[in-house]
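Enquirer: Input structure: query-v8.txt, which contains compact mmCIF, C-alpha atoms.
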# COMPACT_ATOMS: atom_id res chain seq x y z
CA MET N 71 1.65 4.35 -54.18
CA ILE N 72 3.74 4.42 -58.02
CA LEU N 73 4.74 1.97 -60.62
CA LEU N 74 2.06 1.96 -63.18
CA PRO N 75 0.25 -1.28 -63.99
CA LEU N 76 0.05 -2.60 -67.51
CA MET N 77 -3.36 -2.52 -69.09
CA PHE N 78 -3.51 -5.86 -70.86
CA GLN N 79 -4.30 -9.46 -70.08
CA VAL N 80 -1.02 -11.32 -70.10
CA GLY N 81 -2.80 -14.63 -70.56
CA SER N 82 -3.59 -13.92 -74.22
CA THR N 83 -1.22 -15.43 -76.78
CA PRO N 84 0.46 -13.09 -79.29
CA SER N 85 -0.95 -15.05 -82.25
CA ALA N 86 -4.50 -14.23 -81.07
CA LEU N 87 -3.84 -10.50 -80.98
CA SER N 88 -4.38 -7.88 -83.63
CA PRO N 89 -1.27 -6.18 -85.06
CA ASN N 90 -2.25 -3.00 -83.19
CA GLU N 91 -2.43 -4.90 -79.89
CA GLN N 92 0.87 -6.63 -80.54
CA ARG N 93 2.50 -3.28 -81.21
CA TYR N 94 1.01 -1.87 -78.02
CA ARG N 95 2.35 -4.71 -75.93
CA ALA N 96 5.78 -4.40 -77.48
CA CYS N 97 5.77 -0.67 -76.76
CA ILE N 98 4.81 -1.23 -73.12
CA ALA N 99 7.59 -3.82 -72.70
CA LEU N 100 10.03 -1.37 -74.26
CA ALA N 101 8.89 1.36 -71.87
CA THR N 102 10.15 -0.77 -69.00
CA SER N 103 13.45 -1.84 -70.56
CA ASP N 104 14.38 1.22 -72.63
CA PRO N 105 12.16 4.26 -71.94
CA LYS N 106 13.92 6.52 -74.46
CA ALA N 107 13.39 4.01 -77.25
CA ALA N 108 9.78 3.61 -76.13
CA GLU N 109 9.21 7.36 -76.45
CA ALA N 110 10.28 7.23 -80.10
CA GLU N 111 8.21 4.11 -80.74
CA ALA N 112 5.16 5.71 -79.11
CA ASP N 113 5.50 8.71 -81.44
CA GLN N 114 5.62 6.43 -84.47
CA PHE N 115 2.78 4.32 -83.10
CA ARG N 116 0.65 7.43 -82.64
CA SER N 117 1.38 8.59 -86.20
CA ALA N 118 0.27 5.16 -87.41
CA GLY N 119 -3.09 5.50 -85.68
CA GLY N 120 -2.22 4.03 -82.29
CA GLY N 121 -4.54 6.50 -80.57
CA ALA N 122 -5.03 6.23 -76.83
CA ARG N 123 -2.70 3.28 -76.43
CA ALA N 124 0.17 5.09 -78.11
CA HIS N 125 -0.27 8.00 -75.68
CA GLN N 126 -0.49 5.58 -72.78
CA CYS N 127 2.75 3.87 -73.79
CA GLN N 128 4.40 7.28 -73.98
CA GLY N 129 3.15 8.01 -70.46
CA MET N 130 4.56 4.74 -69.20
CA ALA N 131 7.96 5.59 -70.70
CA TYR N 132 7.96 9.01 -69.05
CA ALA N 133 6.92 7.44 -65.74
CA GLN N 134 9.87 5.06 -65.87
CA GLU N 135 12.08 8.14 -66.07
CA ALA N 136 10.20 9.84 -63.21
CA ARG N 137 9.12 12.61 -65.61
CA TRP N 138 5.81 12.81 -63.79
CA GLY N 139 4.40 15.97 -65.35
CA ASP N 140 5.10 14.67 -68.86
CA ALA N 141 3.66 11.29 -67.92
CA ALA N 142 0.47 12.87 -66.57
CA THR N 143 0.03 14.91 -69.74
CA ALA N 144 0.47 11.82 -71.90
CA PHE N 145 -2.01 9.81 -69.81
CA GLU N 146 -4.55 12.62 -70.06
CA ALA N 147 -4.12 12.60 -73.85
CA ALA N 148 -4.75 8.84 -73.78
CA ALA N 149 -7.84 9.36 -71.65
CA ARG N 150 -9.28 12.01 -73.96
CA ASP N 151 -8.69 9.85 -77.02
CA ALA N 152 -10.36 6.94 -75.25
CA ASP N 153 -13.30 9.12 -74.18
CA THR N 154 -13.80 10.18 -77.79
CA ALA N 155 -13.76 6.54 -78.89
CA HIS N 156 -16.15 5.55 -76.04
CA ASP N 157 -13.44 3.18 -74.81
CA PRO N 158 -14.08 2.06 -71.19
CA GLU N 159 -10.31 2.08 -70.62
CA ALA N 160 -10.57 5.89 -70.45
CA ALA N 161 -11.18 5.71 -66.70
CA ARG N 162 -7.97 3.76 -66.18
CA TYR N 163 -6.02 6.35 -68.13
CA TRP N 164 -7.56 9.15 -66.05
CA ALA N 165 -6.53 7.26 -62.91
CA GLN N 166 -3.00 6.95 -64.27
CA ALA N 167 -2.96 10.67 -65.01
CA GLY N 168 -4.12 11.45 -61.47
CA ASN N 169 -1.48 9.21 -59.98
CA ALA N 170 1.21 10.87 -62.07
CA TRP N 171 0.01 14.39 -61.18
CA LEU N 172 0.17 13.36 -57.56
CA ALA N 173 3.77 12.23 -57.99
CA ALA N 174 4.48 15.53 -59.77
CA GLY N 175 3.20 17.42 -56.73
CA ASP N 176 0.10 18.93 -58.36
CA ALA N 177 -2.74 18.02 -55.99
CA VAL N 178 -5.36 20.07 -57.86
CA LYS N 179 -4.80 18.37 -61.22
CA ALA N 180 -4.54 15.01 -59.46
CA GLN N 181 -7.95 15.45 -57.83
CA THR N 182 -9.55 16.50 -61.11
CA ALA N 183 -8.20 13.51 -63.04
CA LEU N 184 -8.98 11.03 -60.26
CA THR N 185 -12.53 12.33 -59.82
CA THR N 186 -13.07 11.87 -63.56
CA ALA N 187 -11.79 8.29 -63.27
CA ILE N 188 -13.94 7.47 -60.26
CA THR N 189 -17.18 8.98 -61.56
CA ALA N 190 -16.86 7.22 -64.93
CA GLY N 191 -18.12 4.06 -63.26
CA THR N 192 -16.03 1.70 -65.39
CA LEU N 193 -13.14 0.93 -63.01
CA ASP N 194 -13.17 -2.48 -61.40
CA ASN N 195 -13.49 -2.61 -57.61
CA PHE N 196 -9.75 -2.71 -56.95
CA GLY N 197 -8.99 0.04 -59.47
CA ARG N 198 -11.69 2.24 -57.97
CA GLY N 199 -10.26 1.63 -54.49
CA GLU N 200 -6.77 2.60 -55.59
CA ALA N 201 -8.09 5.75 -57.28
CA LEU N 202 -9.94 6.68 -54.09
CA LEU N 203 -6.75 6.27 -52.05
CA ASP N 204 -4.84 8.43 -54.49
CA ARG N 205 -7.53 11.11 -54.38
CA ALA N 206 -7.40 11.00 -50.59
CA ARG N 207 -3.67 11.72 -50.69
CA ALA N 208 -4.30 14.64 -53.03
CA GLN N 209 -6.97 15.97 -50.68
CA VAL N 210 -4.62 15.74 -47.71
CA ALA N 211 -2.02 17.66 -49.68
CA ALA N 212 -4.68 20.34 -50.26
CA GLY N 213 -5.64 20.38 -46.57
CA ARG N 214 -9.05 18.73 -47.01
CA LEU N 215 -8.72 16.14 -44.28
CA ALA N 216 -12.42 15.39 -43.77
CA SER N 217 -12.93 14.69 -47.49
CA ALA N 218 -9.80 12.56 -47.46
CA ARG N 219 -11.22 10.46 -44.62
CA GLY N 220 -14.30 9.60 -46.70
CA ASP N 221 -12.17 8.52 -49.66
CA ILE N 222 -9.79 6.48 -47.49
CA ASP N 223 -12.67 4.67 -45.81
CA ALA N 224 -14.20 3.80 -49.19
CA GLY N 225 -10.82 2.85 -50.63
CA GLN N 226 -10.05 0.70 -47.61
CA GLU N 227 -13.31 -1.19 -48.07
CA ALA N 228 -12.49 -1.85 -51.73
CA THR N 229 -8.85 -2.88 -51.11
CA PRO N 230 -8.77 -4.51 -47.66
CA LYS N 231 -5.53 -6.36 -48.36
CA ASP N 232 -3.60 -3.30 -49.50
CA PRO N 233 -1.29 -2.21 -46.66
CA LEU N 234 -1.15 1.30 -48.09
CA ALA N 235 -4.86 1.74 -47.39
CA TRP N 236 -4.30 0.98 -43.71
CA LEU N 237 -1.14 3.08 -43.55
CA LEU N 238 -2.85 6.11 -45.06
CA SER N 239 -5.81 5.64 -42.74
CA ALA N 240 -3.60 5.36 -39.67
CA THR N 241 -1.58 8.42 -40.60
CA LEU N 242 -4.66 10.50 -41.28
CA ALA N 243 -6.22 9.38 -38.00
CA ARG N 244 -3.07 10.49 -36.17
CA ARG N 245 -3.20 13.87 -37.89
CA MET N 246 -6.86 14.21 -36.94
CA ASN N 247 -6.10 13.27 -33.31
CA ASP N 248 -8.03 9.99 -33.47
CA LEU N 249 -5.41 7.90 -31.69
CA SER N 250 -7.63 4.86 -31.22
CA ARG N 251 -8.29 4.61 -34.98
CA ALA N 252 -4.61 5.22 -35.70
CA GLN N 253 -3.58 2.35 -33.41
CA THR N 254 -6.11 -0.07 -34.94
CA ASP N 255 -5.20 0.73 -38.52
CA ILE N 256 -1.42 0.73 -38.11
CA ALA N 257 -1.71 -2.68 -36.44
CA GLU N 258 -3.44 -3.97 -39.58
CA ALA N 259 -0.81 -2.36 -41.81
CA LEU N 260 1.89 -4.12 -39.80
CA LYS N 261 0.13 -7.47 -40.22
CA LEU N 262 0.09 -6.99 -43.98
CA SER N 263 3.51 -5.39 -44.51
CA SER N 264 5.81 -5.30 -41.51
CA ASP N 265 8.82 -5.11 -43.85
CA ASP N 266 7.68 -1.74 -45.24
CA ALA N 267 9.79 1.10 -43.83
CA SER N 268 6.92 3.60 -44.19
CA VAL N 269 4.68 1.37 -42.10
CA GLN N 270 7.32 1.02 -39.40
CA LEU N 271 7.95 4.77 -39.36
CA GLU N 272 4.27 5.49 -38.82
CA ALA N 273 4.02 2.71 -36.23
CA GLY N 274 6.75 4.51 -34.31
CA ASN N 275 4.96 7.84 -34.61
CA ILE N 276 1.73 6.38 -33.25
CA ALA N 277 3.49 4.44 -30.48
CA ALA N 278 5.25 7.63 -29.37
CA LEU N 279 1.97 9.53 -29.18
CA SER N 280 0.50 6.62 -27.23
CA GLY N 281 3.27 6.88 -24.63
CA ASP N 282 4.88 3.60 -25.72
CA ALA N 283 8.54 4.63 -25.87
CA ASP N 284 9.83 1.08 -26.30
CA GLY N 285 7.44 0.42 -29.16
CA ALA N 286 8.36 3.69 -30.81
CA ARG N 287 12.06 2.95 -30.52
CA THR N 288 11.67 -0.55 -31.97
CA ALA N 289 9.58 0.63 -34.92
CA TRP N 290 11.83 3.58 -35.77
CA GLN N 291 14.92 1.36 -35.60
CA ALA N 292 13.21 -1.06 -37.99
CA ALA N 293 12.33 1.78 -40.38
CA ALA N 294 15.92 3.02 -40.46
CA LYS N 295 17.22 -0.50 -41.07
CA LEU N 296 14.70 -1.32 -43.81
CA ALA N 297 15.33 1.77 -45.92
CA PRO N 298 18.93 2.93 -45.49
CA GLY N 299 19.88 6.08 -47.35
CA THR N 300 16.29 7.28 -47.77
CA ALA N 301 14.24 10.13 -46.35
CA ILE N 302 12.31 7.55 -44.32
CA ALA N 303 15.52 6.44 -42.62
CA ASP N 304 16.48 10.06 -41.99
CA ASN N 305 13.09 10.71 -40.35
CA ALA N 306 13.41 7.57 -38.26
CA ARG N 307 16.88 8.52 -37.04
CA ALA N 308 15.69 12.04 -36.23
CA ALA N 309 12.84 10.55 -34.22
CA LEU N 310 15.21 8.21 -32.39
CA ALA N 311 17.41 11.18 -31.47
CA GLN N 312 14.48 12.59 -29.54
CA PHE N 313 15.06 9.95 -26.89
CA ASP N 314 17.95 12.14 -25.81
CA ALA N 315 15.48 14.98 -25.21
CA PRO N 316 13.01 15.27 -22.31
CA ALA N 317 10.09 14.02 -24.37
CA VAL N 318 9.50 11.82 -27.40
CA ALA N 319 7.38 13.34 -30.16
CA ALA N 320 6.39 12.01 -33.56
CA PRO N 321 8.11 13.62 -36.56
CA THR N 322 6.01 15.99 -38.62
CA THR N 323 6.57 14.17 -41.93
CA SER N 324 3.49 12.16 -42.92
CA PRO N 325 3.29 9.31 -45.45
CA VAL N 326 -0.18 10.51 -46.39
CA THR N 327 1.25 13.69 -47.89
CA SER N 328 4.21 12.08 -49.64
CA PRO N 329 3.99 11.13 -53.36
CA ALA N 330 3.10 7.49 -53.84
CA PRO N 331 5.99 5.36 -55.06
CA ALA N 332 5.21 4.80 -58.67
CA LYS N 333 2.50 2.21 -58.69
CA LYS N 334 -0.29 2.40 -60.82
CA PRO N 335 -2.02 4.18 -63.35
Just dump the structure as structure tokens.
Expert:
Amino acid sequence: MILLPLMFQVGSTPSALSPNEQRYRACIALATSDPKAAEAEADQFRSAGGGARAHQCQGMAYAQEARWGDAATAFEAAARDADTAHDPEAARYWAQAGNAWLAAGDAVKAQTALTTAITAGTLDNFGRGEALLDRARAQVAAGRLASARGDIDAGQEATPKDPLAWLLSATLARRMNDLSRAQTDIAEALKLSSDDASVQLEAGNIAALSGDADGARTAWQAAAKLAPGTAIADNARAALAQFDAPAVAAPTTSPVTSPAPAKKP
């Protein structure tokens, strides 16, 4: 789940914006095109009183460089500034921090930030759903599968068109030996995103456990073809090699425990 969404309404015209808002938007655009320059601009923006938005722009720049720990720290600074100012955007910044901590591999800090975001009560329905899915991934990483199931179910309800919700649910169901749920949910993920290598990899895993060797082979071949040169392709090829062995077993790697691709905060 990561490339971080921008926190402004693109429909507004620049002439209708305050100078502070115009500077924020310019900083965010720079974070995408030239992260190093955006870091310097965010520092200057903060010194000029940019507050939470200056920190958030800095976090976006770090995220573009995959400096996830630095990004998470910057997003947390944005969230604290926003909390102090009673700015409802604070919850979004906490969600961004949680997402970045997850990408950094720190499940404990991710859960803390995401719980703060969720309990604030100011996220919209989709944002809350995404935060729940992220917290579920953090809980899986910490071995709390039952708690993760509750978050995934709630996140799935809030984001029914997000293939990641169905993929995470299917993978967790497989890990919890609920094969019927895994089959139902991976089928939905395939309907929504059959061109996603992670979805095809998990479809192969579930088909293999279901005794469907042909289905497993087809899905793993698709995963390897869709994402050449990646860990997903390596896992798919390793799984396909098992057809040379007496039995076909699903690989141990699970999308639920992998860092989300950069998506949101």
Enquirer: Skipping near chain neighbours, those fewer than 6 positions away, what residues fall within 9 Å of stretch 179-184 of chain N using only C-alpha atoms, listed as a ChimeraX atom specification?
Expert: /N:142,146,161,164-173,201-202,204-206,208-209
Enquirer: Please compute the atom CA of N:Ala259-atom CA of N:Leu234 distance, one decimal, in Å.
Expert: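 Answer for the atom CA of N:Ala259 to atom CA of N:Leu234 separation: 7.3 Å.
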Enquirer: Have a look at atom CA of N:Ala257 and atom CA of N:Ala224 and let me know their distance in Å, one decimal.
Expert: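 So the answer is 19.0 Å.
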Enquirer: Counting all atoms listed in the file, which residues come within 12 Å of (7.1, 19.0, -55.7), with the point read in the file's coordinates, and could you list them as a list in words?
Expert: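 Residues found, by chain and rising number: Arg137, Trp138, Gly139, Ala170, Trp171, Leu172, Ala173, Ala174, Gly175, Asp176, Ala177, Ala211, Thr327, Ser328 and Pro329 of chain N.
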Enquirer: Counting only C-alpha atoms, which residue out of N:Val269, N:Ala293, N:Ala124, N:Ala118 sits closest to N:Cys97?
Expert: N:Ala124
Enquirer: Let me make sure I understand: among N:Ala216, N:Ala297, N:Leu262, N:Ala133, which one has the smallest atom-to-atom distance to N:Trp236 if we use only C-alpha atoms?
Expert: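 Nearest to N:Trp236: N:Leu262.
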Enquirer: Write out as number ranges by chain which residues come within 12 Å of N:Gly220 when counting all atoms listed in the file, dropping same-chain ones fewer than 2 positions away.
Expert: N: 199, 202-203, 205-207, 209-210, 214-218, 222-227, 239, 242-243
Enquirer: Can you tell me, as a list in words, what residues are no more than 8 Å from stretch 103-110 of chain N when counting all atoms listed in the file, ignoring any on the same chain fewer than 2 positions away?
Expert: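 Listed by chain and then number, they are Cys97, Ile98, Ala99, Leu100, Ala101, Ala112, Asp113, Gln114, Cys127, Gln128, Ala131, Tyr132, Gln134 and Glu135 of chain N.
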Enquirer: Which residues, written as a list in words, have at least one atom at most 10 Å from N:Asp157, with all atoms listed in the file counted and residues fewer than 6 positions away on the same chain left out?
Expert: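 Here the answer would be Ala122, Ala149, Arg150, Asp151 and Thr192 of chain N.
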Enquirer: Between atom CA of N:Gln270 and atom CA of N:Asn195, what is the distance, to one decimal in Å?
Expert: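 Rounded to one decimal, the two atoms are 27.9 Å apart.
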